[in-house]
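Everything below belongs to query_21.pdb, which stores PDB, C-alpha atoms.
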```pdb
ATOM      1  CA  MET P   1       0.000   0.000   0.000
ATOM      2  CA  SER P   2       2.758   2.452   0.873
ATOM      3  CA  ASN P   3       4.156   2.160  -2.673
ATOM      4  CA  VAL P   4       0.919   3.348  -4.306
ATOM      5  CA  PRO P   5       0.861   7.110  -4.957
ATOM      6  CA  ALA P   6      -2.210   9.091  -3.950
ATOM      7  CA  ILE P   7      -3.965  11.596  -6.201
ATOM      8  CA  ALA P   8      -5.523  14.648  -4.546
ATOM      9  CA  LEU P   9      -9.158  15.209  -5.528
ATOM     10  CA  ASN P  10     -10.964  18.541  -5.689
ATOM     11  CA  SER P  11     -13.223  17.319  -2.853
ATOM     12  CA  GLY P  12     -10.294  17.408  -0.451
ATOM     13  CA  ALA P  13      -9.996  13.620  -0.397
ATOM     14  CA  SER P  14      -7.185  11.610  -1.937
ATOM     15  CA  ILE P  15      -7.454   8.413  -3.980
ATOM     16  CA  PRO P  16      -4.867   5.648  -4.452
ATOM     17  CA  GLN P  17      -3.699   5.887  -8.057
ATOM     18  CA  LEU P  18      -3.789   2.100  -8.434
ATOM     19  CA  GLY P  19      -6.886   0.151  -7.490
ATOM     20  CA  PHE P  20      -8.583  -3.150  -8.182
ATOM     21  CA  GLY P  21     -11.590  -3.439 -10.508
ATOM     22  CA  VAL P  22     -14.315  -6.078 -10.275
ATOM     23  CA  PHE P  23     -16.057  -5.608 -13.641
ATOM     24  CA  GLN P  24     -17.186  -8.983 -15.032
ATOM     25  CA  ILE P  25     -16.011 -10.919 -11.969
ATOM     26  CA  ASP P  26     -18.655 -13.537 -11.199
ATOM     27  CA  PRO P  27     -20.337 -12.797  -7.853
ATOM     28  CA  LYS P  28     -19.400 -16.272  -6.607
ATOM     29  CA  ASP P  29     -15.719 -15.435  -7.150
ATOM     30  CA  THR P  30     -15.772 -11.796  -6.075
ATOM     31  CA  ALA P  31     -15.318 -12.029  -2.302
ATOM     32  CA  ALA P  32     -12.316 -14.363  -2.523
ATOM     33  CA  THR P  33     -10.745 -12.356  -5.360
ATOM     34  CA  VAL P  34     -11.091  -9.031  -3.542
ATOM     35  CA  GLN P  35      -9.710 -10.638  -0.399
ATOM     36  CA  THR P  36      -6.665 -11.739  -2.413
ATOM     37  CA  ALA P  37      -6.271  -8.176  -3.683
ATOM     38  CA  PHE P  38      -6.372  -6.878  -0.111
ATOM     39  CA  GLU P  39      -3.722  -9.386   0.948
ATOM     40  CA  ILE P  40      -1.451  -8.259  -1.901
ATOM     41  CA  GLY P  41      -1.814  -4.635  -0.830
ATOM     42  CA  TYR P  42      -4.650  -3.066  -2.841
ATOM     43  CA  ARG P  43      -6.825  -0.679  -0.831
ATOM     44  CA  HIS P  44      -8.856   0.932  -3.621
ATOM     45  CA  ILE P  45     -11.772  -1.141  -4.993
ATOM     46  CA  ASP P  46     -13.879  -0.060  -7.979
ATOM     47  CA  THR P  47     -17.321  -1.663  -8.280
ATOM     48  CA  ALA P  48     -20.732  -0.622  -9.638
ATOM     49  CA  GLN P  49     -24.406  -1.417  -9.255
ATOM     50  CA  MET P  50     -24.318  -2.665 -12.845
ATOM     51  CA  TYR P  51     -21.716  -5.336 -11.987
ATOM     52  CA  GLY P  52     -24.032  -7.201  -9.616
ATOM     53  CA  ASN P  53     -21.286  -7.969  -7.099
ATOM     54  CA  GLU P  54     -21.447  -5.163  -4.525
ATOM     55  CA  ALA P  55     -22.615  -7.523  -1.767
ATOM     56  CA  GLU P  56     -19.632  -9.775  -2.377
ATOM     57  CA  VAL P  57     -17.266  -6.800  -2.298
ATOM     58  CA  GLY P  58     -18.869  -5.931   1.026
ATOM     59  CA  GLU P  59     -18.278  -9.475   2.245
ATOM     60  CA  ALA P  60     -14.566  -9.153   1.421
ATOM     61  CA  ILE P  61     -14.386  -5.785   3.194
ATOM     62  CA  ALA P  62     -15.978  -7.256   6.312
ATOM     63  CA  ARG P  63     -13.709 -10.314   6.268
ATOM     64  CA  SER P  64     -10.564  -8.252   5.769
ATOM     65  CA  GLY P  65     -10.679  -6.557   9.138
ATOM     66  CA  LEU P  66      -8.975  -3.551   7.537
ATOM     67  CA  PRO P  67      -9.666  -0.138   9.086
ATOM     68  CA  ARG P  68     -12.261   1.788   7.081
ATOM     69  CA  ASP P  69      -9.948   4.771   6.733
ATOM     70  CA  GLU P  70      -7.408   2.594   4.874
ATOM     71  CA  LEU P  71      -9.929   1.739   2.162
ATOM     72  CA  PHE P  72     -11.171   3.670  -0.851
ATOM     73  CA  ILE P  73     -14.415   2.213  -2.211
ATOM     74  CA  THR P  74     -16.053   3.384  -5.440
ATOM     75  CA  THR P  75     -19.455   2.424  -6.768
ATOM     76  CA  LYS P  76     -21.566   3.785  -9.608
ATOM     77  CA  CYS P  77     -25.208   4.721 -10.125
ATOM     78  CA  ASN P  78     -26.840   2.247 -12.495
ATOM     79  CA  ASN P  79     -28.375   3.481 -15.731
ATOM     80  CA  SER P  80     -31.840   2.445 -14.509
ATOM     81  CA  ASN P  81     -31.500   4.770 -11.511
ATOM     82  CA  HIS P  82     -31.156   8.158 -13.189
ATOM     83  CA  GLY P  83     -33.022  10.971 -11.478
ATOM     84  CA  TYR P  84     -32.675  13.056  -8.312
ATOM     85  CA  ASP P  85     -34.478  10.728  -5.925
ATOM     86  CA  GLU P  86     -33.590   7.544  -7.773
ATOM     87  CA  SER P  87     -29.827   8.105  -7.569
ATOM     88  CA  GLN P  88     -30.033   8.614  -3.808
ATOM     89  CA  ARG P  89     -32.193   5.545  -3.253
ATOM     90  CA  ALA P  90     -29.748   3.547  -5.382
ATOM     91  CA  LEU P  91     -26.852   4.665  -3.222
ATOM     92  CA  ASP P  92     -28.708   3.586  -0.094
ATOM     93  CA  GLU P  93     -29.109   0.131  -1.657
ATOM     94  CA  SER P  94     -25.406   0.037  -2.554
ATOM     95  CA  LEU P  95     -24.383   1.024   0.954
ATOM     96  CA  SER P  96     -26.557  -1.749   2.362
ATOM     97  CA  LYS P  97     -24.992  -4.322   0.041
ATOM     98  CA  LEU P  98     -21.478  -3.075   0.736
ATOM     99  CA  GLY P  99     -22.098  -2.938   4.469
ATOM    100  CA  LEU P 100     -20.824   0.636   4.614
ATOM    101  CA  GLU P 101     -22.051   3.941   5.985
ATOM    102  CA  PHE P 102     -20.493   5.840   3.083
ATOM    103  CA  VAL P 103     -18.576   5.252  -0.136
ATOM    104  CA  ASP P 104     -15.449   7.185  -0.914
ATOM    105  CA  LEU P 105     -16.590   7.873  -4.478
ATOM    106  CA  TYR P 106     -20.020   7.652  -6.141
ATOM    107  CA  LEU P 107     -20.183   8.031  -9.915
ATOM    108  CA  ILE P 108     -22.875   8.411 -12.569
ATOM    109  CA  HIS P 109     -22.018   5.397 -14.716
ATOM    110  CA  TRP P 110     -23.122   6.801 -18.135
ATOM    111  CA  PRO P 111     -24.624  10.148 -19.160
ATOM    112  CA  LEU P 112     -27.446   8.536 -21.225
ATOM    113  CA  PRO P 113     -28.134  11.718 -23.241
ATOM    114  CA  GLY P 114     -31.326  10.285 -24.737
ATOM    115  CA  LYS P 115     -32.884  10.092 -21.266
ATOM    116  CA  ASP P 116     -31.614  13.602 -20.525
ATOM    117  CA  LEU P 117     -31.622  13.045 -16.759
ATOM    118  CA  TYR P 118     -27.930  13.287 -15.954
ATOM    119  CA  VAL P 119     -28.197  16.826 -14.538
ATOM    120  CA  GLN P 120     -30.948  15.788 -12.113
ATOM    121  CA  THR P 121     -28.971  12.642 -11.305
ATOM    122  CA  TRP P 122     -25.920  14.759 -10.565
ATOM    123  CA  GLN P 123     -27.974  16.941  -8.247
ATOM    124  CA  GLY P 124     -28.936  13.746  -6.419
ATOM    125  CA  LEU P 125     -25.259  12.926  -6.014
ATOM    126  CA  GLU P 126     -24.618  16.436  -4.697
ATOM    127  CA  GLN P 127     -27.230  15.791  -2.025
ATOM    128  CA  ALA P 128     -25.715  12.403  -1.210
ATOM    129  CA  ALA P 129     -22.375  14.139  -0.648
ATOM    130  CA  LYS P 130     -24.025  16.730   1.616
ATOM    131  CA  ASP P 131     -25.623  13.879   3.575
ATOM    132  CA  GLY P 132     -22.225  12.242   4.103
ATOM    133  CA  LYS P 133     -23.080   9.122   2.135
ATOM    134  CA  ALA P 134     -20.404   9.807  -0.491
ATOM    135  CA  ARG P 135     -17.107  11.469   0.397
ATOM    136  CA  SER P 136     -16.540  12.420  -3.248
ATOM    137  CA  ILE P 137     -18.778  12.353  -6.309
ATOM    138  CA  GLY P 138     -17.940  12.072  -9.978
ATOM    139  CA  VAL P 139     -18.929  10.795 -13.378
ATOM    140  CA  SER P 140     -18.016   8.044 -15.782
ATOM    141  CA  ASN P 141     -17.995   8.159 -19.592
ATOM    142  CA  PHE P 142     -18.762  11.879 -19.717
ATOM    143  CA  LYS P 143     -17.513  13.988 -22.604
ATOM    144  CA  SER P 144     -16.584  17.650 -22.326
ATOM    145  CA  HIS P 145     -20.000  18.928 -23.444
ATOM    146  CA  HIS P 146     -21.706  16.810 -20.765
ATOM    147  CA  LEU P 147     -19.338  18.288 -18.186
ATOM    148  CA  ASP P 148     -19.891  21.813 -19.522
ATOM    149  CA  ARG P 149     -23.608  21.381 -18.909
ATOM    150  CA  LEU P 150     -23.043  20.211 -15.339
ATOM    151  CA  ALA P 151     -20.881  23.278 -14.758
ATOM    152  CA  GLN P 152     -23.579  25.578 -16.144
ATOM    153  CA  GLU P 153     -26.539  24.040 -14.307
ATOM    154  CA  THR P 154     -25.139  22.782 -10.981
ATOM    155  CA  GLY P 155     -22.766  23.896  -8.275
ATOM    156  CA  THR P 156     -20.251  21.064  -7.970
ATOM    157  CA  THR P 157     -17.383  20.029 -10.233
ATOM    158  CA  PRO P 158     -16.974  16.237 -10.445
ATOM    159  CA  ALA P 159     -13.966  14.932  -8.543
ATOM    160  CA  VAL P 160     -13.363  12.232 -11.145
ATOM    161  CA  ASN P 161     -14.203  11.390 -14.751
ATOM    162  CA  GLN P 162     -13.768   7.687 -15.444
ATOM    163  CA  ILE P 163     -13.360   7.035 -19.176
ATOM    164  CA  GLU P 164     -12.179   4.323 -21.530
ATOM    165  CA  LEU P 165      -8.462   5.009 -21.847
ATOM    166  CA  HIS P 166      -5.601   2.843 -23.071
ATOM    167  CA  PRO P 167      -2.744   3.149 -25.613
ATOM    168  CA  HIS P 168      -5.153   2.634 -28.531
ATOM    169  CA  LEU P 169      -7.585   5.279 -27.162
ATOM    170  CA  GLN P 170      -5.541   7.916 -25.353
ATOM    171  CA  GLN P 171      -8.134  10.738 -25.314
ATOM    172  CA  PRO P 172      -5.616  13.608 -24.978
ATOM    173  CA  GLU P 173      -8.263  16.310 -25.399
ATOM    174  CA  MET P 174     -10.490  14.797 -22.725
ATOM    175  CA  ARG P 175      -7.557  14.385 -20.330
ATOM    176  CA  ALA P 176      -6.549  18.003 -20.946
ATOM    177  CA  TYR P 177     -10.120  19.183 -20.297
ATOM    178  CA  ASP P 178     -10.258  17.237 -17.034
ATOM    179  CA  GLN P 179      -6.921  18.643 -15.913
ATOM    180  CA  GLN P 180      -7.913  22.200 -16.792
ATOM    181  CA  HIS P 181     -11.078  21.866 -14.700
ATOM    182  CA  GLY P 182      -9.502  20.123 -11.714
ATOM    183  CA  ILE P 183     -11.079  16.747 -12.484
ATOM    184  CA  ALA P 184      -9.010  13.599 -11.988
ATOM    185  CA  THR P 185      -9.044  11.153 -14.909
ATOM    186  CA  GLU P 186      -9.612   7.467 -14.250
ATOM    187  CA  ALA P 187      -8.946   4.923 -16.992
ATOM    188  CA  TRP P 188     -11.225   1.961 -17.460
ATOM    189  CA  SER P 189      -9.943  -0.893 -19.624
ATOM    190  CA  PRO P 190      -6.379   0.392 -19.015
ATOM    191  CA  ILE P 191      -4.717  -2.366 -21.039
ATOM    192  CA  GLY P 192      -7.421  -2.400 -23.711
ATOM    193  CA  GLN P 193      -8.943  -5.678 -22.504
ATOM    194  CA  GLY P 194      -5.855  -7.424 -23.836
ATOM    195  CA  LYS P 195      -7.043  -6.835 -27.402
ATOM    196  CA  GLY P 196      -3.919  -5.835 -29.309
ATOM    197  CA  VAL P 197      -2.327  -3.394 -26.872
ATOM    198  CA  ILE P 198      -0.157  -5.857 -24.966
ATOM    199  CA  ASP P 199       0.659  -7.725 -28.187
ATOM    200  CA  ASP P 200       2.253  -4.661 -29.761
ATOM    201  CA  ASP P 201       5.942  -5.261 -30.510
ATOM    202  CA  ARG P 202       6.902  -1.759 -29.352
ATOM    203  CA  ILE P 203       5.400  -2.318 -25.936
ATOM    204  CA  GLY P 204       6.980  -5.771 -25.930
ATOM    205  CA  SER P 205      10.432  -4.294 -26.563
ATOM    206  CA  ILE P 206      10.014  -1.768 -23.747
ATOM    207  CA  ALA P 207       8.883  -4.564 -21.432
ATOM    208  CA  GLN P 208      11.911  -6.658 -22.315
ATOM    209  CA  ALA P 209      14.234  -3.739 -21.589
ATOM    210  CA  HIS P 210      12.814  -3.409 -18.069
ATOM    211  CA  GLY P 211      12.338  -7.087 -17.303
ATOM    212  CA  LYS P 212       8.601  -6.493 -17.027
ATOM    213  CA  THR P 213       5.499  -7.724 -18.848
ATOM    214  CA  PRO P 214       3.702  -5.685 -21.543
ATOM    215  CA  ALA P 215       0.752  -5.277 -19.151
ATOM    216  CA  GLN P 216       3.034  -3.871 -16.448
ATOM    217  CA  VAL P 217       4.572  -1.423 -18.929
ATOM    218  CA  THR P 218       1.108  -0.284 -20.039
ATOM    219  CA  LEU P 219      -0.031   0.245 -16.456
ATOM    220  CA  ARG P 220       3.188   2.112 -15.690
ATOM    221  CA  TRP P 221       2.523   4.376 -18.688
ATOM    222  CA  HIS P 222      -0.830   5.298 -17.136
ATOM    223  CA  ILE P 223       0.770   5.993 -13.756
ATOM    224  CA  GLN P 224       3.330   8.345 -15.297
ATOM    225  CA  LEU P 225       0.600  10.142 -17.262
ATOM    226  CA  GLY P 226      -1.210  10.746 -13.979
ATOM    227  CA  ASN P 227      -4.207   8.508 -14.715
ATOM    228  CA  ILE P 228      -5.945   6.537 -11.958
ATOM    229  CA  ILE P 229      -6.206   2.849 -12.878
ATOM    230  CA  PHE P 230      -7.894  -0.260 -11.493
ATOM    231  CA  PRO P 231      -6.987  -3.333 -13.570
ATOM    232  CA  LYS P 232      -9.104  -6.437 -13.094
ATOM    233  CA  SER P 233      -8.128 -10.102 -12.911
ATOM    234  CA  VAL P 234      -9.277 -13.230 -11.095
ATOM    235  CA  THR P 235      -5.825 -14.833 -11.250
ATOM    236  CA  GLU P 236      -3.650 -14.271  -8.194
ATOM    237  CA  SER P 237      -0.409 -14.122 -10.162
ATOM    238  CA  ARG P 238      -1.858 -11.456 -12.481
ATOM    239  CA  ILE P 239      -3.346  -9.475  -9.590
ATOM    240  CA  ARG P 240       0.104  -9.499  -8.006
ATOM    241  CA  GLU P 241       1.806  -8.606 -11.299
ATOM    242  CA  ASN P 242      -0.488  -5.611 -11.807
ATOM    243  CA  PHE P 243       0.493  -4.314  -8.367
ATOM    244  CA  ASP P 244       4.216  -4.642  -9.066
ATOM    245  CA  ILE P 245       4.675  -1.504 -11.175
ATOM    246  CA  PHE P 246       6.391   0.919  -8.809
ATOM    247  CA  ASP P 247       9.976  -0.351  -9.005
ATOM    248  CA  PHE P 248      10.754   0.940 -12.507
ATOM    249  CA  GLU P 249      10.206   4.054 -14.601
ATOM    250  CA  LEU P 250       9.665   4.561 -18.306
ATOM    251  CA  THR P 251      11.959   7.011 -20.074
ATOM    252  CA  ASP P 252      10.617  10.030 -21.940
ATOM    253  CA  GLN P 253      11.374   8.207 -25.196
ATOM    254  CA  GLU P 254       9.458   5.121 -24.066
ATOM    255  CA  MET P 255       6.499   7.275 -23.016
ATOM    256  CA  SER P 256       6.622   8.938 -26.422
ATOM    257  CA  THR P 257       6.743   5.587 -28.214
ATOM    258  CA  ILE P 258       3.596   4.429 -26.427
ATOM    259  CA  GLY P 259       2.040   7.820 -27.133
ATOM    260  CA  GLU P 260       2.377   7.080 -30.854
ATOM    261  CA  LEU P 261       0.106   4.014 -30.576
ATOM    262  CA  ASP P 262      -3.120   6.025 -30.322
ATOM    263  CA  GLN P 263      -5.706   4.851 -32.871
ATOM    264  CA  GLY P 264      -8.734   6.684 -31.470
ATOM    265  CA  LYS P 265     -10.270   3.220 -31.282
ATOM    266  CA  ARG P 266     -13.035   2.522 -28.768
ATOM    267  CA  LEU P 267     -13.719  -0.952 -27.423
ATOM    268  CA  GLY P 268     -16.839   0.233 -25.606
ATOM    269  CA  PRO P 269     -19.769   2.341 -26.796
ATOM    270  CA  ASP P 270     -19.671   6.045 -27.614
ATOM    271  CA  PRO P 271     -21.183   7.940 -24.656
ATOM    272  CA  ASP P 272     -23.092  10.177 -27.071
ATOM    273  CA  GLU P 273     -24.890   7.144 -28.519
ATOM    274  CA  PHE P 274     -25.267   4.810 -25.525
ATOM    275  CA  ASP P 275     -28.693   5.048 -23.871
ATOM    276  CA  ARG P 276     -29.367   1.657 -22.271
TER
END
```

Take the structure in the file and write it out as structure tokens.
Amino acid sequence: MSNVPAIALNSGASIPQLGFGVFQIDPKDTAATVQTAFEIGYRHIDTAQMYGNEAEVGEAIARSGLPRDELFITTKCNNSNHGYDESQRALDESLSKLGLEFVDLYLIHWPLPGKDLYVQTWQGLEQAAKDGKARSIGVSNFKSHHLDRLAQETGTTPAVNQIELHPHLQQPEMRAYDQQHGIATEAWSPIGQGKGVIDDDRIGSIAQAHGKTPAQVTLRWHIQLGNIIFPKSVTESRIRENFDIFDFELTDQEMSTIGELDQGKRLGPDPDEFDR
């Protein structure tokens, strides 16, 4: 844990730059997998109502015996729970499943522009923060024009914007926008779901030079860019490998080489078109 840098958020809180994600981990495997992550040293867990495994994350938290103030727990408002009241009720359900009195970060999972409720949903998150049920609030998959609207119509700047971000989709304009507005950028799918990124010969050569794996090099690239990451795995050796990225540093040339891999290629949906 002591090796993991912390990123200061505009809420006054700080977030471990490396966390553990539980997207697509079967609920029956979640508690044991999160417990393994805790034993390795992870203290930041990223879950969501959509993932269907909050209760199992809560089970791992309870079993761990770790002090609450050592943990950073994120969950996200499901797409079916947009609205002022709905987003608050959803958080109450998440807290019950997690066995917590508050989460460290509560996010709107998708803007869903066709529903046009993300401003009201955000106002619900603002109230949840005032009520002490979320230490920080933020968004996921928001583009700059969605964020501009929040700024115009509400009083709180998101602490975090969690977006698809990997060497094949580097989103420099979105990262620059976030930085300019004091919003921390989190990267989901940080190694591109293993689809081409870690097979790239240039990343492979950098990995060989450092005695590391391509996945470790890719995660290190994120760390040096200042992104917050939470890779996911159910394999103990991979969970451990993903944590072991703080004993080497990429050179400026290596960072530049990876920077040249951007294809503007999404693996997930476009937030302007996704409304489910």

**Asked** Near Gly52 of chain P, within 9 Å and counting all atoms listed in the file, which residues show up once chain neighbours fewer than 6 positions away are dropped, as number ranges by chain?
**Response** P: 24, 26-27

Suppose we keep C-alpha atoms; can you now write the selection as a tab-separated table (two decimals), in the coordinates of the input?
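Okay, this is what ended up in result-v7.tsv:
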```
chain	number	residue	atom	x	y	z
P	24	GLN	CA	-17.19	-8.98	-15.03
P	26	ASP	CA	-18.66	-13.54	-11.20
P	27	PRO	CA	-20.34	-12.80	-7.85
```

Step by step, gather every atom of segment 77-81 of chain P that the file lists, find the box along x, y and z that holds them, add 5 Å on each side, and finally give centre and edge lengths in Å to one decimal, as JSON.
```
{"center_x": -28.5, "center_y": 3.5, "center_z": -12.9, "size_x": 16.6, "size_y": 12.5, "size_z": 15.6}
```

| field | Minimum-distance residue to Asp116 of chain P, chosen among P:Glu173, P:Ala184, P:His82, P:Leu267 (using all atoms listed in the file) | value |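 Selected residue with least distance to Asp116 of chain P: P:His82.
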
message = Could you list, as a PyMOL selection string, every residue within 12 Å of Ala134 of chain P, counting all atoms listed in the file and ignoring same-chain residues fewer than 3 positions away?
response = chain P and resi 11+13+72-77+87-88+91-92+94-95+100-107+124-131+137-138+159

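The spacing separating atom CA of Asn53 of chain P from atom CA of Asp29 of chain P amounts to 9.3 Å.
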
Could you spell out the hits of the PyMOL selection byres ((chain P and resi 39) around 12) on the shown file, as a ChimeraX atom specification?
-> /P:1,32-38,40-43,60-61,63-66,236,239-240,243

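Put simply, the PyMOL selection byres ((chain P and resi 176) around 12) on this file hits Lys143, Ser144, Asn161, Gln170, Gln171, Pro172, Glu173, Met174, Arg175, Tyr177, Asp178, Gln179, Gln180, His181, Gly182, Ile183, Ala184, Thr185, Leu225, Gly226 and Asn227 of chain P.
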
Could I get the residues of segment 75-177 of chain P with an atom no further than 12 Å from an atom of segment 187-209 of chain P, each paired with its nearest atom pair and that distance in Å to one decimal, using only C-alpha atoms, sorted by chain and residue number, as JSON lines?
```
{"residue": "P:His109", "atom": "CA", "partner": "P:Trp188", "partner_atom": "CA", "distance": 11.7}
{"residue": "P:Ser140", "atom": "CA", "partner": "P:Trp188", "partner_atom": "CA", "distance": 9.3}
{"residue": "P:Asn141", "atom": "CA", "partner": "P:Trp188", "partner_atom": "CA", "distance": 9.4}
{"residue": "P:Val160", "atom": "CA", "partner": "P:Ala187", "partner_atom": "CA", "distance": 10.3}
{"residue": "P:Asn161", "atom": "CA", "partner": "P:Ala187", "partner_atom": "CA", "distance": 8.6}
{"residue": "P:Gln162", "atom": "CA", "partner": "P:Ala187", "partner_atom": "CA", "distance": 5.8}
{"residue": "P:Ile163", "atom": "CA", "partner": "P:Ala187", "partner_atom": "CA", "distance": 5.4}
{"residue": "P:Glu164", "atom": "CA", "partner": "P:Trp188", "partner_atom": "CA", "distance": 4.8}
{"residue": "P:Leu165", "atom": "CA", "partner": "P:Ala187", "partner_atom": "CA", "distance": 4.9}
{"residue": "P:His166", "atom": "CA", "partner": "P:Pro190", "partner_atom": "CA", "distance": 4.8}
{"residue": "P:Pro167", "atom": "CA", "partner": "P:Val197", "partner_atom": "CA", "distance": 6.7}
{"residue": "P:His168", "atom": "CA", "partner": "P:Val197", "partner_atom": "CA", "distance": 6.9}
{"residue": "P:Leu169", "atom": "CA", "partner": "P:Gly192", "partner_atom": "CA", "distance": 8.4}
{"residue": "P:Gln170", "atom": "CA", "partner": "P:Ala187", "partner_atom": "CA", "distance": 9.5}
{"residue": "P:Gln171", "atom": "CA", "partner": "P:Ala187", "partner_atom": "CA", "distance": 10.2}
{"residue": "P:Met174", "atom": "CA", "partner": "P:Ala187", "partner_atom": "CA", "distance": 11.5}
{"residue": "P:Arg175", "atom": "CA", "partner": "P:Ala187", "partner_atom": "CA", "distance": 10.1}
```

Please write as an mmCIF file with C-alpha atoms, keeping the file's coordinate frame the list of polymer residues whose atoms come within 12 Å of (-25.3, 5.5, -27.2), counting only C-alpha atoms and keeping to the coordinates of the file.
```cif
data_model
loop_
_atom_site.group_PDB
_atom_site.id
_atom_site.type_symbol
_atom_site.label_atom_id
_atom_site.label_comp_id
_atom_site.auth_asym_id
_atom_site.auth_seq_id
_atom_site.Cartn_x
_atom_site.Cartn_y
_atom_site.Cartn_z
ATOM 1 C CA TRP P 110 -23.122 6.801 -18.135
ATOM 2 C CA PRO P 111 -24.624 10.148 -19.160
ATOM 3 C CA LEU P 112 -27.446 8.536 -21.225
ATOM 4 C CA PRO P 113 -28.134 11.718 -23.241
ATOM 5 C CA GLY P 114 -31.326 10.285 -24.737
ATOM 6 C CA LYS P 115 -32.884 10.092 -21.266
ATOM 7 C CA ASN P 141 -17.995 8.159 -19.592
ATOM 8 C CA PHE P 142 -18.762 11.879 -19.717
ATOM 9 C CA GLY P 268 -16.839 0.233 -25.606
ATOM 10 C CA PRO P 269 -19.769 2.341 -26.796
ATOM 11 C CA ASP P 270 -19.671 6.045 -27.614
ATOM 12 C CA PRO P 271 -21.183 7.940 -24.656
ATOM 13 C CA ASP P 272 -23.092 10.177 -27.071
ATOM 14 C CA GLU P 273 -24.890 7.144 -28.519
ATOM 15 C CA PHE P 274 -25.267 4.810 -25.525
ATOM 16 C CA ASP P 275 -28.693 5.048 -23.871
ATOM 17 C CA ARG P 276 -29.367 1.657 -22.271
#
```

Shortest contact to Ser256 of chain P, candidates P:Gln224, P:Gly155, P:Thr235, P:Pro5, atoms counted all atoms listed in the file, goes to P:Gln224

Atom-to-atom span, atom CA of Phe230 of chain P and atom CA of Asp247 of chain P, Å
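Between atom CA of Phe230 of chain P and atom CA of Asp247 of chain P the gap is 18.0 Å.
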
Restricting to all atoms listed in the file, whichever of P:Leu261, P:Leu9, P:Met255, P:Ile108 is closest to Ser80 of chain P is P:Ile108

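Interatomic distance, atom CA of Asn78 of chain P against atom CA of Asn10 of chain P: 23.7 Å.
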
I'd like to know which of P:Arg89, P:Lys232, P:Lys265, P:Arg238 is closest to Thr213 of chain P, using all atoms listed in the file.
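When distances to Thr213 of chain P are compared using all atoms listed in the file, the smallest one comes from P:Arg238.
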
>> Taking the file as I've supplied it (selection: the PyMOL selection byres ((chain P and resi 228) around 6)), which residues are included? Please answer as JSON, numbers by chain.
In response: {"P": [17, 186, 227, 229]}

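Minimum atom-to-atom distances from P:Gly83, P:Pro214, P:Gly264, P:Pro158 to Val139 of chain P were compared using all atoms listed in the file, and the lowest value belongs to P:Pro158.
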
For Trp122 of chain P, the closest of P:Lys97, P:His210, P:Arg135, P:Arg149 counting only C-alpha atoms is P:Arg149
